[in-house]
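S.K.: Let me begin by handing over the structure; questions about it come next.
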Amino acid sequence: MSRTVLITGATSGIGEAIAHTFAQNGDKLVLTGRREQRLAAVQSDLEKNYQATVWTYPMDVTQIDQVTDICQKILAEVGFVDILVNNAGLALGLEKFQDYVLEDMLTMFDTNVKGLMFVTRQILPQMVERNKGHIINIGSTAGIYAYGGAAVYSATKAAVKVLSDGIRIDTVATDIKVTTVQPGLVETDFSLVRFHGDEERAAQFYKGIEALQAQDIADIVLYIANQPRRVQISDITIMANQQATGFTIHREN
Ligand code: NDP
Ligand code: 8X3
């Protein structure tokens with residue numbers, strides 16, 4: 001049966017791949033992100049390729065008033081959300097903590113943690129009311145294994161995992177499922193954003209390793225969402241084959 005899937009950060013990378021994968025599966029999509037033109041482009045692709053029903057709402061997850069307004073608008077216009085994929089997120093910088101740009105630290109927390117909290121706080125009550133729903137939070141291997149230059153990013157992703165666990169406890173008496181997806185190295189715009197548009201430095205990050213692709217993660221997210229009522233995948237960690245921990249990576253030259 002067709003479900004309504006709300007994805008944050010659906011304008012590129014993993015979020016965009018998840019949108020395609022669920023649309024192909026016959027689900028309805030509610031896409032959000034800050035870049036309006038990208039949202040429109042993804043919507044048009046999904047409508048053209050899969051005849052999907054797609055709604056788009058430009059939304060910056062760091063802006064609490066905007067998130068409140070847009071989420072209430074979504075619930076009023078779309079009706080309800082069956083699956084919420086909290087995917088919007090980013091890393092900024094890769095410096096030692098003592099040298100870090102304070103603003104980058106704050107943006108990571110505002111986006112990855114507070115943004116996820118704002119959106120979930122708006123969408124979860126209607127799931128509880130309907131006794132139905134699935135929250136899928138995109139964490140990271142960085143949330144399990146901190147690595148040099150990424151203390152704050154790692155902390156945000158550890159927070160995603162613990163928030164998921166807490167929400168799962170608070171909804172245990174309902175049919176709602178909560179899952180944390182923890183990918184390792186995925187080749188997307190993630191590093192380009194992290195290095196503030198430095199393409200050479202971003203490419204270096206994936207050099208010598210066959211990194212995961214956004215589609216790999218999207219396929220797993222669909223698998224998680226397609227389990228029978230009795231099955232709740234609480235956490236799943238996906239590494240590249242040449243990755244042993246978050247940052248123990250074998251690079252071939
Ligand atoms: P991308 O940079 O390709 O995508 C990030 C997405 O997040 C974009 O759609 C962007 O949309 C959105 N986003 C960023 N800031 C905001 C904001 N303030 N409000 C709304 N949306 C925002 O990277 P990925 O696809 O790789 O990243 C997706 C998620 O996966 C992130 O949470 C990331 O931490 C996580 N992850 C990534 C891994 C990787 O190696 N790539 C590994 C593990 C986890 P827009 O700019 O239009 O707002
Ligand atoms: C992104 C994966 O290893 O670049 O969450 O931090 S990593």
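Labels for the structure tokens follow display order: chains A, B, ..., residues from 1 in each chain, ligands from 1.
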At most 7 Å is the cut-off: for each residue in chain A with any atom that close to an atom of ligand 1, write down the nearest atom pair and the distance in Å rounded to one decimal, counting only C-alpha atoms and all ligand atoms, chain first then increasing number, as a Markdown table.
M.R.:
| residue | atom | partner | partner_atom_place_in_ligand_line | distance |
| --- | --- | --- | --- | --- |
| A:Thr8 | CA | ligand 1 | 21 (N) | 5.9 |
| A:Gly9 | CA | ligand 1 | 9 (O) | 3.3 |
| A:Ala10 | CA | ligand 1 | 9 (O) | 4.6 |
| A:Thr11 | CA | ligand 1 | 9 (O) | 3.9 |
| A:Ser12 | CA | ligand 1 | 3 (O) | 4.4 |
| A:Gly13 | CA | ligand 1 | 25 (O) | 3.4 |
| A:Ile14 | CA | ligand 1 | 25 (O) | 3.8 |
| A:Gly15 | CA | ligand 1 | 25 (O) | 5.7 |
| A:Thr32 | CA | ligand 1 | 20 (C) | 6.9 |
| A:Gly33 | CA | ligand 1 | 48 (O) | 4.0 |
| A:Arg34 | CA | ligand 1 | 48 (O) | 3.5 |
| A:Arg35 | CA | ligand 1 | 47 (O) | 3.9 |
| A:Arg38 | CA | ligand 1 | 47 (O) | 6.9 |
| A:Met59 | CA | ligand 1 | 20 (C) | 5.7 |
| A:Asp60 | CA | ligand 1 | 19 (N) | 3.5 |
| A:Val61 | CA | ligand 1 | 19 (N) | 4.0 |
| A:Thr62 | CA | ligand 1 | 18 (N) | 5.1 |
| A:Asn87 | CA | ligand 1 | 32 (O) | 4.7 |
| A:Ala88 | CA | ligand 1 | 7 (O) | 3.6 |
| A:Gly89 | CA | ligand 1 | 32 (O) | 3.4 |
| A:Leu90 | CA | ligand 1 | 34 (O) | 4.6 |
| A:Ala91 | CA | ligand 1 | 34 (O) | 6.4 |
| A:Thr111 | CA | ligand 1 | 18 (N) | 5.2 |
| A:Asn112 | CA | ligand 1 | 32 (O) | 6.4 |
| A:Ile138 | CA | ligand 1 | 32 (O) | 5.5 |
| A:Gly139 | CA | ligand 1 | 44 (C) | 5.5 |
| A:Ser140 | CA | ligand 1 | 43 (C) | 4.0 |
| A:Thr141 | CA | ligand 1 | 43 (C) | 6.4 |
| A:Gln182 | CA | ligand 1 | 43 (C) | 6.0 |
| A:Pro183 | CA | ligand 1 | 43 (C) | 4.3 |
| A:Gly184 | CA | ligand 1 | 42 (C) | 4.8 |
| A:Leu185 | CA | ligand 1 | 40 (O) | 3.9 |
| A:Val186 | CA | ligand 1 | 40 (O) | 3.6 |
| A:Glu187 | CA | ligand 1 | 41 (N) | 5.5 |
| A:Thr188 | CA | ligand 1 | 3 (O) | 4.8 |
| A:Asp189 | CA | ligand 1 | 3 (O) | 4.1 |
| A:Phe190 | CA | ligand 1 | 23 (O) | 3.9 |
| A:Val193 | CA | ligand 1 | 2 (O) | 6.0 |
| A:Ala214 | CA | ligand 1 | 25 (O) | 6.8 |
S.K.: Using DSSP on the backbone coordinates, identify all residues within range 20-97 of chain A classified as alpha helix (DSSP H); present the result as an MDAnalysis selection string.
M.R.: chainID A and resid 20:24 36:50 64:78
S.K.: Which of these, A:Ala211, A:Met105, A:Ala203, A:Ile136, has the shortest distance to Val178 in chain A once you count only C-alpha atoms?
M.R.: A:Ile136
S.K.: Between A:Tyr206, A:Tyr153, A:Trp55, A:Tyr223, single out the one closest to Asp110 in chain A, counting only C-alpha atoms.
M.R.: A:Tyr153
S.K.: To one decimal place in Å, what is the distance between CA of Gln51 in chain A and CA of Ala218 in chain A?
M.R.: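 The value is 19.1 Å.
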S.K.: Write out as an MDAnalysis selection string the set of residues from range 46-244 of chain A that DSSP, computed on the backbone, places in strand (DSSP E).
M.R.: chainID A and resid 54:58 83:86 134:138 177:183 186:187 212:213 235:238
S.K.: Take the residues from that selection and put them in a file with N, CA and C atoms, as a PDB file, in the first residue's frame.
M.R.:
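Saved to part-v1.pdb:
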ATOM      1  N   VAL A  54       4.025  14.009  -5.665  1.00  0.00           N
ATOM      2  CA  VAL A  54       5.117  14.680  -4.939  1.00  0.00           C
ATOM      3  C   VAL A  54       4.687  16.072  -4.492  1.00  0.00           C
ATOM      4  N   TRP A  55       4.932  16.390  -3.234  1.00  0.00           N
ATOM      5  CA  TRP A  55       4.754  17.746  -2.725  1.00  0.00           C
ATOM      6  C   TRP A  55       6.142  18.275  -2.362  1.00  0.00           C
ATOM      7  N   THR A  56       6.386  19.544  -2.583  1.00  0.00           N
ATOM      8  CA  THR A  56       7.673  20.116  -2.148  1.00  0.00           C
ATOM      9  C   THR A  56       7.424  21.319  -1.242  1.00  0.00           C
ATOM     10  N   TYR A  57       8.248  21.434  -0.233  1.00  0.00           N
ATOM     11  CA  TYR A  57       8.155  22.548   0.712  1.00  0.00           C
ATOM     12  C   TYR A  57       9.569  23.021   1.044  1.00  0.00           C
ATOM     13  N   PRO A  58       9.981  24.180   0.557  1.00  0.00           N
ATOM     14  CA  PRO A  58      11.279  24.702   0.967  1.00  0.00           C
ATOM     15  C   PRO A  58      11.282  24.881   2.489  1.00  0.00           C
ATOM     16  N   ILE A  83       5.968   7.970   7.026  1.00  0.00           N
ATOM     17  CA  ILE A  83       7.404   7.742   7.262  1.00  0.00           C
ATOM     18  C   ILE A  83       8.105   9.091   7.227  1.00  0.00           C
ATOM     19  N   LEU A  84       8.845   9.389   8.276  1.00  0.00           N
ATOM     20  CA  LEU A  84       9.658  10.615   8.316  1.00  0.00           C
ATOM     21  C   LEU A  84      11.124  10.207   8.224  1.00  0.00           C
ATOM     22  N   VAL A  85      11.809  10.676   7.194  1.00  0.00           N
ATOM     23  CA  VAL A  85      13.247  10.411   7.078  1.00  0.00           C
ATOM     24  C   VAL A  85      13.987  11.701   7.427  1.00  0.00           C
ATOM     25  N   ASN A  86      14.580  11.737   8.595  1.00  0.00           N
ATOM     26  CA  ASN A  86      15.376  12.894   9.022  1.00  0.00           C
ATOM     27  C   ASN A  86      16.782  12.726   8.460  1.00  0.00           C
ATOM     28  N   HIS A 134       6.754   5.644  11.123  1.00  0.00           N
ATOM     29  CA  HIS A 134       8.151   5.180  11.177  1.00  0.00           C
ATOM     30  C   HIS A 134       9.059   6.401  11.060  1.00  0.00           C
ATOM     31  N   ILE A 135       9.919   6.562  12.022  1.00  0.00           N
ATOM     32  CA  ILE A 135      10.910   7.641  11.962  1.00  0.00           C
ATOM     33  C   ILE A 135      12.260   7.012  11.652  1.00  0.00           C
ATOM     34  N   ILE A 136      12.860   7.475  10.571  1.00  0.00           N
ATOM     35  CA  ILE A 136      14.165   6.938  10.158  1.00  0.00           C
ATOM     36  C   ILE A 136      15.160   8.088  10.214  1.00  0.00           C
ATOM     37  N   ASN A 137      16.093   7.996  11.139  1.00  0.00           N
ATOM     38  CA  ASN A 137      17.067   9.069  11.349  1.00  0.00           C
ATOM     39  C   ASN A 137      18.415   8.681  10.748  1.00  0.00           C
ATOM     40  N   ILE A 138      18.990   9.580   9.957  1.00  0.00           N
ATOM     41  CA  ILE A 138      20.298   9.288   9.356  1.00  0.00           C
ATOM     42  C   ILE A 138      21.390   9.756  10.313  1.00  0.00           C
ATOM     43  N   LYS A 177       7.668   2.847  14.726  1.00  0.00           N
ATOM     44  CA  LYS A 177       9.036   2.307  14.717  1.00  0.00           C
ATOM     45  C   LYS A 177      10.028   3.468  14.621  1.00  0.00           C
ATOM     46  N   VAL A 178      11.200   3.267  15.211  1.00  0.00           N
ATOM     47  CA  VAL A 178      12.268   4.278  15.117  1.00  0.00           C
ATOM     48  C   VAL A 178      13.576   3.572  14.751  1.00  0.00           C
ATOM     49  N   THR A 179      14.220   4.079  13.732  1.00  0.00           N
ATOM     50  CA  THR A 179      15.451   3.448  13.231  1.00  0.00           C
ATOM     51  C   THR A 179      16.558   4.479  13.082  1.00  0.00           C
ATOM     52  N   THR A 180      17.762   4.118  13.486  1.00  0.00           N
ATOM     53  CA  THR A 180      18.934   4.942  13.154  1.00  0.00           C
ATOM     54  C   THR A 180      19.731   4.234  12.064  1.00  0.00           C
ATOM     55  N   VAL A 181      19.990   4.946  10.985  1.00  0.00           N
ATOM     56  CA  VAL A 181      20.805   4.417   9.886  1.00  0.00           C
ATOM     57  C   VAL A 181      22.172   5.080   9.991  1.00  0.00           C
ATOM     58  N   GLN A 182      23.229   4.286  10.094  1.00  0.00           N
ATOM     59  CA  GLN A 182      24.573   4.852  10.324  1.00  0.00           C
ATOM     60  C   GLN A 182      25.505   4.489   9.170  1.00  0.00           C
ATOM     61  N   PRO A 183      25.524   5.305   8.123  1.00  0.00           N
ATOM     62  CA  PRO A 183      26.415   5.007   7.005  1.00  0.00           C
ATOM     63  C   PRO A 183      27.858   5.428   7.298  1.00  0.00           C
ATOM     64  N   VAL A 186      30.123   7.812   2.228  1.00  0.00           N
ATOM     65  CA  VAL A 186      29.236   7.810   1.055  1.00  0.00           C
ATOM     66  C   VAL A 186      29.647   8.976   0.157  1.00  0.00           C
ATOM     67  N   GLU A 187      29.827   8.682  -1.127  1.00  0.00           N
ATOM     68  CA  GLU A 187      30.284   9.728  -2.053  1.00  0.00           C
ATOM     69  C   GLU A 187      29.094  10.578  -2.506  1.00  0.00           C
ATOM     70  N   LEU A 212      30.842   4.114  -0.549  1.00  0.00           N
ATOM     71  CA  LEU A 212      29.425   3.789  -0.724  1.00  0.00           C
ATOM     72  C   LEU A 212      28.791   4.838  -1.633  1.00  0.00           C
ATOM     73  N   GLN A 213      27.710   4.474  -2.282  1.00  0.00           N
ATOM     74  CA  GLN A 213      26.945   5.414  -3.104  1.00  0.00           C
ATOM     75  C   GLN A 213      25.611   5.700  -2.412  1.00  0.00           C
ATOM     76  N   ASP A 235      18.767  -0.155  14.688  1.00  0.00           N
ATOM     77  CA  ASP A 235      19.990   0.509  14.199  1.00  0.00           C
ATOM     78  C   ASP A 235      20.577  -0.330  13.079  1.00  0.00           C
ATOM     79  N   ILE A 236      21.196   0.351  12.151  1.00  0.00           N
ATOM     80  CA  ILE A 236      21.915  -0.389  11.112  1.00  0.00           C
ATOM     81  C   ILE A 236      23.146   0.420  10.716  1.00  0.00           C
ATOM     82  N   THR A 237      24.281  -0.243  10.617  1.00  0.00           N
ATOM     83  CA  THR A 237      25.539   0.423  10.266  1.00  0.00           C
ATOM     84  C   THR A 237      26.040  -0.148   8.948  1.00  0.00           C
ATOM     85  N   ILE A 238      26.368   0.734   8.034  1.00  0.00           N
ATOM     86  CA  ILE A 238      26.801   0.299   6.706  1.00  0.00           C
ATOM     87  C   ILE A 238      28.147   0.949   6.406  1.00  0.00           C
TER      88      ILE A 238
END
S.K.: Write out as a list in words which residues come within 12 Å of Asn131 in chain A when counting only C-alpha atoms, dropping same-chain ones fewer than 4 positions away.
M.R.: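 Non-adjacent residues within range: Phe80, Val81, Asp82, Leu124, Pro125, Gln126, Met127, Thr171, Val172, Ala173, Thr174, Asp175, Ile176, Lys177 and Arg229 of chain A.
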S.K.: Using only C-alpha atoms and all ligand atoms, which of A:His250, A:Lys114, A:Arg194, A:Arg201 sits nearest ligand 2?
M.R.: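 Using only C-alpha atoms and all ligand atoms, the shortest distance to ligand 2 belongs to A:Arg194.
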S.K.: Excluding Thr21 in chain A and its own-chain neighbours fewer than 5 positions away, which residues fall within 10 Å of it when counting only C-alpha atoms? Please give them as a list of chain:residue names.
M.R.: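 So, after excluding close chain neighbours, the residues are A:Gly15, A:Glu16, A:Gly26, A:Asp27, A:Leu46, A:Tyr50, A:Gln215, A:Ala218, A:Asp219, A:Ile220, A:Val221, A:Leu222.
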S.K.: From the set A:Val160, A:Ala19, A:Ile224, A:Val128, which residue has the shortest atom-to-atom contact distance to ligand 2, counting only C-alpha atoms and all ligand atoms?
M.R.: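 That would be A:Val160, the residue with the smallest distance to ligand 2.
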S.K.: Which residues, written as a PyMOL selection string, have at least one atom at most 8 Å from Ile209 in chain A, with only C-alpha atoms counted and residues fewer than 5 positions away on the same chain left out?
M.R.: chain A and resi 242+249-252
S.K.: To one decimal place in Å, what is the distance between CA of Ala150 in chain A and CA of Leu94 in chain A?
M.R.: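 Distance between the two atoms: 5.8 Å.
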S.K.: Find the residue from A:Val119, A:Leu31, A:Ala17, A:Leu39 that sits nearest to Asp65 in chain A; use only C-alpha atoms when measuring.
M.R.: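 For Asp65 in chain A, the nearest of the given residues is A:Val119.
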S.K.: Residues within 8 Å of Thr156 in chain A, please, as a PyMOL selection string. Count only C-alpha atoms; anything in the same chain fewer than 6 positions from it doesn't count.
M.R.: chain A and resi 108-109+112-113+143
